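As provided, my_file30.cif (mmCIF, C-alpha atoms) reads as follows.
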data_structure
#
loop_
_atom_site.label_atom_id
_atom_site.label_comp_id
_atom_site.auth_asym_id
_atom_site.auth_seq_id
_atom_site.Cartn_x
_atom_site.Cartn_y
_atom_site.Cartn_z
CA MET A 36 87.60 90.91 99.98
CA LEU A 37 84.99 93.41 98.80
CA LYS A 38 82.91 93.04 95.66
CA ILE A 39 80.23 95.46 94.51
CA GLU A 40 77.89 94.28 91.79
CA ASN A 41 75.60 96.52 89.72
CA LEU A 42 75.07 98.88 92.64
CA THR A 43 72.39 101.50 92.07
CA PHE A 44 71.47 104.17 94.61
CA GLY A 45 69.56 107.41 94.37
CA ILE A 46 67.90 110.11 96.46
CA ASN A 47 64.75 112.05 95.55
CA GLY A 48 64.69 110.55 92.08
CA LYS A 49 68.34 111.41 91.35
CA ILE A 50 70.62 108.48 90.55
CA ILE A 51 73.96 108.89 92.36
CA LEU A 52 75.44 105.42 91.86
CA ASP A 53 74.46 103.79 88.58
CA LYS A 54 75.02 100.03 88.26
CA LEU A 55 78.47 100.47 89.77
CA ASN A 56 80.91 97.54 89.84
CA LEU A 57 84.06 97.40 91.94
CA GLU A 58 86.41 94.82 93.43
CA VAL A 59 88.83 95.50 96.28
CA LYS A 60 91.45 92.83 96.92
CA LYS A 61 92.44 91.78 100.42
CA GLY A 62 95.59 93.39 101.80
CA THR A 63 95.61 96.33 99.38
CA ILE A 64 95.05 100.06 99.40
CA HIS A 65 92.46 100.84 96.72
CA SER A 66 91.87 104.53 96.05
CA ILE A 67 88.70 106.01 94.55
CA LEU A 68 89.28 109.32 92.74
CA GLY A 69 86.49 111.67 91.77
CA ALA A 70 85.53 115.33 91.73
CA ASN A 71 83.22 116.68 94.43
CA GLY A 72 79.66 115.53 93.91
CA THR A 73 80.44 112.38 91.94
CA GLY A 74 79.20 109.95 94.60
CA LYS A 75 82.44 108.98 96.40
CA THR A 76 81.13 109.58 99.90
CA THR A 77 77.79 108.00 99.01
CA LEU A 78 79.63 104.86 97.92
CA GLY A 79 81.37 104.69 101.30
CA TYR A 80 78.07 105.14 103.15
CA VAL A 81 76.38 102.39 101.12
CA ILE A 82 79.24 99.97 101.81
CA MET A 83 79.11 100.82 105.53
CA GLY A 84 75.32 100.43 105.61
CA LEU A 85 74.35 103.80 107.02
CA THR A 86 70.65 104.45 107.60
CA GLY A 87 69.03 105.72 104.42
CA TYR A 88 71.74 104.32 102.17
CA LYS A 89 70.29 101.00 101.14
CA PRO A 90 70.83 100.46 97.39
CA LYS A 91 67.88 100.20 95.04
CA GLU A 92 69.62 97.43 93.10
CA GLY A 93 72.81 95.41 93.25
CA ARG A 94 74.81 93.70 95.96
CA VAL A 95 77.62 94.42 98.40
CA ILE A 96 79.64 91.25 99.04
CA PHE A 97 82.24 91.12 101.83
CA GLU A 98 84.47 88.07 102.22
CA GLY A 99 82.05 86.06 100.11
CA GLU A 100 78.98 87.05 102.12
CA ASP A 101 76.15 89.20 100.76
CA ILE A 102 75.90 92.02 103.33
CA THR A 103 73.55 94.26 101.31
CA ASN A 104 70.76 93.99 103.87
CA LEU A 105 72.88 93.94 107.02
CA SER A 106 72.84 96.84 109.49
CA ILE A 107 75.83 99.09 110.17
CA THR A 108 76.32 97.26 113.49
CA GLU A 109 76.41 93.86 111.80
CA ARG A 110 78.91 95.13 109.23
CA ALA A 111 81.09 96.57 111.98
CA ARG A 112 81.09 93.19 113.72
CA ARG A 113 82.39 91.66 110.49
CA GLY A 114 85.34 94.05 110.55
CA ILE A 115 84.28 97.05 108.45
CA THR A 116 84.73 100.61 109.69
CA LEU A 117 84.39 104.10 108.24
CA ALA A 118 86.42 107.25 108.90
CA TRP A 119 84.28 110.29 108.16
CA GLN A 120 85.41 113.14 105.94
CA TYR A 121 84.77 115.55 108.81
CA SER A 122 85.57 114.17 112.26
CA THR A 123 82.69 114.85 114.65
CA PRO A 124 83.67 116.27 118.06
CA PHE A 125 82.03 114.84 121.18
CA GLU A 126 81.41 117.08 124.17
CA GLY A 127 82.35 115.57 127.53
CA ILE A 128 84.51 112.77 126.11
CA THR A 129 88.27 112.80 126.42
CA VAL A 130 90.64 111.50 123.78
CA LYS A 131 91.43 108.63 126.16
CA ASP A 132 87.72 107.77 126.46
CA TYR A 133 87.33 107.85 122.68
CA LEU A 134 90.32 105.58 122.05
CA THR A 135 89.41 103.23 124.90
CA ILE A 136 86.02 102.60 123.29
CA ALA A 137 87.71 101.98 119.94
CA ALA A 138 90.14 99.49 121.47
CA ARG A 139 87.65 97.54 123.57
CA ASN A 140 87.56 94.52 121.25
CA SER A 141 91.15 94.52 120.00
CA GLY A 142 93.02 95.45 123.15
CA TYR A 143 95.46 97.50 121.07
CA ASP A 144 97.49 100.06 123.04
CA TYR A 145 96.02 103.50 122.34
CA ASN A 146 99.28 105.14 123.44
CA THR A 147 101.04 103.40 120.57
CA ALA A 148 98.23 104.37 118.19
CA LEU A 149 98.59 108.05 119.08
CA GLU A 150 102.34 107.90 118.64
CA ARG A 151 101.89 106.34 115.21
CA VAL A 152 99.81 109.31 114.05
CA GLY A 153 102.39 111.76 115.41
CA LEU A 154 100.64 112.85 118.62
CA ASP A 155 102.13 112.74 122.12
CA PRO A 156 99.85 110.64 124.41
CA LYS A 157 100.89 112.73 127.45
CA LYS A 158 99.61 115.88 125.76
CA TYR A 159 96.46 114.49 124.17
CA LEU A 160 94.90 111.67 126.23
CA GLY A 161 93.53 114.08 128.84
CA ARG A 162 92.15 116.57 126.33
CA ASN A 163 88.50 116.69 125.39
CA TYR A 164 87.61 115.35 121.96
CA ASP A 165 85.81 118.54 120.98
CA GLU A 166 86.14 121.80 119.07
CA THR A 167 89.25 122.79 121.04
CA LEU A 168 91.13 120.33 118.82
CA SER A 169 91.95 121.42 115.29
CA GLY A 170 90.50 119.58 112.32
CA GLY A 171 93.90 118.05 111.63
CA GLU A 172 94.23 116.87 115.23
CA ARG A 173 90.78 115.27 115.18
CA LYS A 174 91.61 113.63 111.85
CA ARG A 175 94.75 112.08 113.34
CA ILE A 176 92.93 110.94 116.47
CA GLU A 177 90.23 109.31 114.35
CA LEU A 178 92.94 107.43 112.44
CA ALA A 179 94.44 106.41 115.79
CA ALA A 180 91.02 105.04 116.76
CA ILE A 181 90.87 102.98 113.58
CA ILE A 182 94.37 101.66 114.25
CA THR A 183 93.23 100.48 117.69
CA MET A 184 90.16 98.77 116.14
CA ARG A 185 92.33 96.75 113.76
CA PRO A 186 89.49 96.35 111.23
CA LYS A 187 89.56 94.05 108.22
CA LEU A 188 88.37 96.86 105.93
CA ALA A 189 88.73 100.58 106.62
CA ILE A 190 86.87 103.07 104.42
CA LEU A 191 88.73 106.38 104.64
CA ASP A 192 86.65 109.27 103.30
CA GLU A 193 88.91 112.20 102.31
CA PRO A 194 91.48 111.54 105.08
CA ASP A 195 93.51 114.55 103.91
CA SER A 196 90.57 116.97 104.07
CA GLY A 197 91.30 120.20 105.92
CA ILE A 198 94.91 119.45 106.84
CA ASP A 199 98.23 121.01 105.87
CA ALA A 200 100.82 119.47 103.54
CA LEU A 201 103.04 118.18 106.37
CA SER A 202 100.11 116.49 108.08
CA MET A 203 99.11 114.95 104.74
CA GLU A 204 102.52 113.30 104.47
CA LYS A 205 102.13 111.88 107.97
CA ILE A 206 98.63 110.61 107.24
CA ALA A 207 99.89 108.92 104.07
CA GLU A 208 102.50 107.12 106.19
CA VAL A 209 99.82 106.08 108.69
CA ILE A 210 97.57 104.69 105.96
CA LYS A 211 100.41 102.60 104.55
CA SER A 212 101.24 101.33 108.05
CA MET A 213 97.61 100.25 108.51
CA LYS A 214 98.00 98.09 105.42
CA ASP A 215 101.08 96.56 107.06
CA ASP A 216 98.85 95.74 110.06
CA GLY A 217 96.67 93.66 107.76
CA THR A 218 93.88 96.17 107.18
CA THR A 219 92.53 96.55 103.65
CA ILE A 220 91.97 100.22 102.79
CA LEU A 221 89.36 101.83 100.55
CA LEU A 222 90.76 105.34 100.19
CA ILE A 223 88.25 107.93 98.93
CA SER A 224 89.69 111.23 97.74
CA HIS A 225 89.60 113.99 95.12
CA ASN A 226 93.34 114.55 95.69
CA TRP A 227 95.30 112.56 93.11
CA LYS A 228 98.51 112.98 95.15
CA ILE A 229 97.21 111.09 98.18
CA ALA A 230 95.55 108.54 95.88
CA GLN A 231 98.95 107.59 94.47
CA ILE A 232 99.92 105.80 97.69
CA ALA A 233 97.43 103.07 96.72
CA ASP A 234 98.17 99.73 95.08
CA VAL A 235 95.20 100.15 92.73
CA SER A 236 93.16 103.21 91.82
CA SER A 237 89.76 103.83 90.21
CA THR A 238 88.02 106.98 88.96
CA LEU A 239 84.36 107.57 89.73
CA CYS A 240 82.12 109.77 87.59
CA ASN A 241 78.45 109.78 86.65
CA GLY A 242 77.86 107.09 89.26
CA LYS A 243 80.14 104.59 87.55
CA ILE A 244 83.75 103.44 87.77
CA LEU A 245 85.39 104.76 84.60
CA ILE A 246 88.81 103.14 84.79
CA THR A 247 90.79 101.02 87.23
CA GLY A 248 94.51 100.40 87.18
CA ASP A 249 97.93 101.69 88.17
CA PRO A 250 97.51 104.60 90.64
CA ILE A 251 99.99 106.88 88.87
CA GLU A 252 98.42 106.39 85.44
CA VAL A 253 94.89 106.70 86.81
CA SER A 254 95.74 109.83 88.80
CA GLU A 255 97.38 111.39 85.75
CA PHE A 256 94.21 110.72 83.78
CA PHE A 257 92.14 112.24 86.59
CA GLU A 258 94.37 115.32 86.86
CA LYS A 259 94.35 115.98 83.11
CA GLN A 260 90.74 115.07 82.32
CA CYS A 261 88.34 114.93 85.25
CA GLU A 262 89.31 118.16 87.00
CA GLU A 263 89.20 120.11 83.75
CA CYS A 264 85.50 119.40 83.24
CA ASP A 265 83.23 122.40 83.77
CA HIS A 266 80.51 120.14 85.10
CA VAL A 267 80.17 117.43 87.74
CA ASN A 268 79.01 113.85 87.46
CA LYS A 269 78.66 113.68 83.68
CA PRO A 270 81.68 112.71 81.55
CA ILE A 271 81.67 114.26 78.09
CA ILE A 272 81.86 112.13 74.95
CA ASP A 273 85.44 113.17 74.22
CA THR A 274 86.52 112.04 77.68
CA LEU A 275 84.79 108.69 77.28
CA THR A 276 86.55 108.20 73.93
CA LYS A 277 89.88 108.80 75.63
CA ILE A 278 88.96 106.26 78.30
CA GLU A 279 88.31 103.65 75.63
CA ASN A 280 91.70 104.38 74.08
CA THR A 281 93.66 104.61 77.33
CA GLU A 282 96.43 102.14 78.06
CA VAL A 283 95.39 101.81 81.69
CA LYS A 284 94.52 98.16 82.24
CA ASN A 285 91.84 96.86 84.52
CA ALA A 286 93.22 95.62 87.81
#
Write-out of the structure in structure tokens:
Amino acid sequence: MLKIENLTFGINGKIILDKLNLEVKKGTIHSILGANGTGKTTLGYVIMGLTGYKPKEGRVIFEGEDITNLSITERARRGITLAWQYSTPFEGITVKDYLTIAARNSGYDYNTALERVGLDPKKYLGRNYDETLSGGERKRIELAAIITMRPKLAILDEPDSGIDALSMEKIAEVIKSMKDDGTTILLISHNWKIAQIADVSSTLCNGKILITGDPIEVSEFFEKQCEECDHVNKPIIDTLTKIENTEVKNA
């Protein structure tokens, strides 16, 4: 469904994504693991086509079409959506308003969407989508909005950020249910536990995909190697040697 070829992107002379290659198969959850500052969020922004995130080189191909030069609106029309790491509150908009906008093209019942993320529609639809909601509540409501959109590809940037362990379990269930709906998921996280719900996992460091394979094996590699580094975005030679010798197979 999604193919990224030799993608290079930088800001102010600093290369963040360096000839990155990645394939995401239709109907799967594909997790991207990486420490903070390794370019995970940037990758999501480039795929979504946010302003200022046009790659210097390479291509983004979605369902066989080169979308590298398409706007964020045109990509959204093709069925791509992005859930931000930090959900932005909107003053003067209720949760019902927010979900109604999300559901305008799909017609999906927002009451059902709220129930699926563990929130009571009677308690939440009339509330303002603003700072009076906790970060975890806004995160769930944003996932409910994506459920109502029924996108072909959902890019979830740190969906477990700022939430408690119980909420993380619920969000993991929601993500898996979205796959059952037919949505392909690109799950971006630095949490190897949430990444293990994926069908395929990749590690990102130094602007490149280091390894891709079984989520448990990849997350074990990440836990033992990547988080122990005393630097960000630059794998040491010893780590690269271990990658070459790893038994993790390319997906």
Identify, on the basis of only C-alpha atoms, every residue whose closest approach to Lys38 of chain A does not exceed 6 Å; exclude the query and any residue fewer than 2 positions from it along the same chain; express the result as a ChimeraX atom specification.
/A:57-58,96
For the structure provided, state which residues fall under the PyMOL selection byres ((chain A and resi 78) around 12), and present them as a VMD selection string. chain A and resid 39 42 to 45 51 to 57 67 to 69 72 to 77 79 to 85 88 to 90 95 117 190 to 192 221 to 224 239 to 240 242 to 244
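Using all atoms listed in the file, the protein and nucleic acid residues lying no more than 12 Å from Glu258 of chain A, apart from those fewer than 3 places from it along its own chain, are A:Leu68, A:Gly69, A:Ala70, A:His225, A:Asn226, A:Trp227, A:Lys228, A:Ala230, A:Gln231, A:Thr238, A:Pro250, A:Ile251, A:Glu252, A:Val253, A:Ser254, A:Glu255, A:Cys261, A:Glu262, A:Glu263, A:Cys264.
Closest approach to Lys214 of chain A among A:Leu188, A:Ile246, A:Ile46, A:Val130: A:Leu188, based on only C-alpha atoms.
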Here's the selection I'm unsure about, the PyMOL selection byres ((chain A and resi 134) around 8); applied to the file above, which residues does it give, as a PyMOL selection string?
chain A and resi 130-133+135-138+145+179-180+183
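Straight-line separation from atom CA of Met36 of chain A to atom CA of Arg94 of chain A: 13.7 Å.
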Counting only C-alpha atoms, which residues have an atom no more than 8 Å from (96.2, 107.9, 123.6) in the file's coordinates? Please list them as a ChimeraX atom specification.
/A:130-131,134,144-150,155-157,159-160
